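Worksheet: the structure to be examined is printed underneath.
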Amino acid sequence: PRPHPTAPTAMASNVTNKTDPRSMNSRVFIGNLNTLVVKKSDVEAIFSKYGKIVGCSVHKGFAFVQYVNERNARAAVAGEDGRMIAGQVL
């Protein structure tokens with residue numbers, strides 16, 4: 001059985017581990033993230049300017065953002081690489 005889909009919410013899903021090539025190419029790894037301070041909602045707020053986020057997962061020290069397409073992911077990498085967030089350079 002599959003989980004029943006829930007009503008859409010403002011926050012993206014937590015799913016960022018699909019292995020199909022299209023998903024993998026539209027996913028962004030965010031390393032060196034101060035996850036003691038930066039939360040999922042913060043990551044989404046920072047990265048949503050590059051396109052629709054369909055998934056976001058935050059882990060200890062890093063996060064993944066899943067975009068609809070590869071163009072959004074490339075724009076996010078270009079725009080945010082080297083940015084300082086909460087005292088740490090991404």
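By convention here, the chains of the structure tokens are called A, B, ... in the order presented, each chain's residues are numbered starting at 1, and ligands are numbered starting at 1 in the order presented.
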Inset, instruction - Write out as a VMD selection string which residues come within 9 Å of Ser23 in chain A when counting only C-alpha atoms, dropping same-chain ones fewer than 6 positions away. - result: chain A and resid 16 to 17 66 to 70
Inset, instruction - Please identify all polymer residues within 10 Å of range 36-47 of chain A, counting only C-alpha atoms, omitting same-chain residues fewer than 2 positions from it, and present them as a PyMOL selection string. - result: chain A and resi 10-12+14+28+30+33-34+49-65+67+72-73+75-77+79-80+85-87
Inset, instruction - Just list the residues in chain A DSSP gives helix (DSSP H, G or I) on the backbone, as a ChimeraX atom specification. - result: /A:21-25,40-50,70-80
Residues as selected, C-alpha atoms, written as a PDB file, in the first residue's frame, can you do that?
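out.pdb, written as the output of this step:
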```pdb
ATOM      1  CA  PRO A  21      18.516  10.755 -13.498  1.00  0.00           C
ATOM      2  CA  ARG A  22      16.094  13.663 -13.837  1.00  0.00           C
ATOM      3  CA  SER A  23      15.685  13.952 -10.065  1.00  0.00           C
ATOM      4  CA  MET A  24      19.398  13.569  -9.437  1.00  0.00           C
ATOM      5  CA  ASN A  25      20.275  16.327 -11.909  1.00  0.00           C
ATOM      6  CA  LYS A  40      14.419  23.632   6.778  1.00  0.00           C
ATOM      7  CA  SER A  41      12.235  26.728   6.426  1.00  0.00           C
ATOM      8  CA  ASP A  42      15.391  28.886   6.185  1.00  0.00           C
ATOM      9  CA  VAL A  43      16.886  26.669   3.470  1.00  0.00           C
ATOM     10  CA  GLU A  44      13.650  26.823   1.495  1.00  0.00           C
ATOM     11  CA  ALA A  45      13.445  30.610   1.877  1.00  0.00           C
ATOM     12  CA  ILE A  46      17.027  31.063   0.635  1.00  0.00           C
ATOM     13  CA  PHE A  47      16.831  28.638  -2.278  1.00  0.00           C
ATOM     14  CA  SER A  48      13.241  29.191  -3.475  1.00  0.00           C
ATOM     15  CA  LYS A  49      14.269  32.250  -5.486  1.00  0.00           C
ATOM     16  CA  TYR A  50      15.856  29.915  -8.056  1.00  0.00           C
ATOM     17  CA  GLU A  70      18.031  20.965 -13.672  1.00  0.00           C
ATOM     18  CA  ARG A  71      18.034  24.614 -14.781  1.00  0.00           C
ATOM     19  CA  ASN A  72      16.799  25.697 -11.334  1.00  0.00           C
ATOM     20  CA  ALA A  73      19.420  23.547  -9.618  1.00  0.00           C
ATOM     21  CA  ARG A  74      22.256  24.981 -11.722  1.00  0.00           C
ATOM     22  CA  ALA A  75      21.081  28.536 -11.023  1.00  0.00           C
ATOM     23  CA  ALA A  76      21.010  27.837  -7.276  1.00  0.00           C
ATOM     24  CA  VAL A  77      24.540  26.421  -7.302  1.00  0.00           C
ATOM     25  CA  ALA A  78      25.828  29.395  -9.294  1.00  0.00           C
ATOM     26  CA  GLY A  79      24.041  31.896  -7.064  1.00  0.00           C
ATOM     27  CA  GLU A  80      24.746  30.423  -3.635  1.00  0.00           C
TER      28      GLU A  80
END
```
Inset, instruction - Could you pull out the residues in chain A that DSSP calls strand (DSSP E or B) from the backbone, as JSON, numbers by chain? - result: {"A": [13, 27, 28, 29, 30, 53, 54, 55, 56, 57, 58, 59, 62, 63, 64, 65, 66, 67, 84, 85, 88, 89]}
Just C-alpha atoms for this one: save the residues we selected as an mmCIF file, in the first residue's frame.
```cif
data_model
loop_
_atom_site.group_PDB
_atom_site.id
_atom_site.type_symbol
_atom_site.label_atom_id
_atom_site.label_comp_id
_atom_site.auth_asym_id
_atom_site.auth_seq_id
_atom_site.Cartn_x
_atom_site.Cartn_y
_atom_site.Cartn_z
ATOM 1 C CA SER A 13 8.283 17.421 1.012
ATOM 2 C CA ARG A 27 19.005 18.191 -6.766
ATOM 3 C CA VAL A 28 21.420 20.502 -4.959
ATOM 4 C CA PHE A 29 23.729 19.451 -2.130
ATOM 5 C CA ILE A 30 24.338 22.218 0.400
ATOM 6 C CA ILE A 53 11.337 23.415 -4.609
ATOM 7 C CA VAL A 54 9.628 20.036 -4.533
ATOM 8 C CA GLY A 55 11.746 18.516 -1.768
ATOM 9 C CA CYS A 56 14.056 19.690 0.986
ATOM 10 C CA SER A 57 15.851 17.642 3.613
ATOM 11 C CA VAL A 58 18.159 18.998 6.305
ATOM 12 C CA HIS A 59 20.716 16.778 8.004
ATOM 13 C CA PHE A 62 24.236 19.647 5.246
ATOM 14 C CA ALA A 63 21.002 19.731 3.269
ATOM 15 C CA PHE A 64 19.542 18.756 -0.080
ATOM 16 C CA VAL A 65 17.135 20.824 -2.154
ATOM 17 C CA GLN A 66 15.163 19.109 -4.907
ATOM 18 C CA TYR A 67 14.013 21.388 -7.717
ATOM 19 C CA MET A 84 28.033 32.800 4.047
ATOM 20 C CA ILE A 85 25.039 31.678 6.065
ATOM 21 C CA GLN A 88 29.730 29.367 7.629
ATOM 22 C CA VAL A 89 30.614 29.444 3.932
#
```
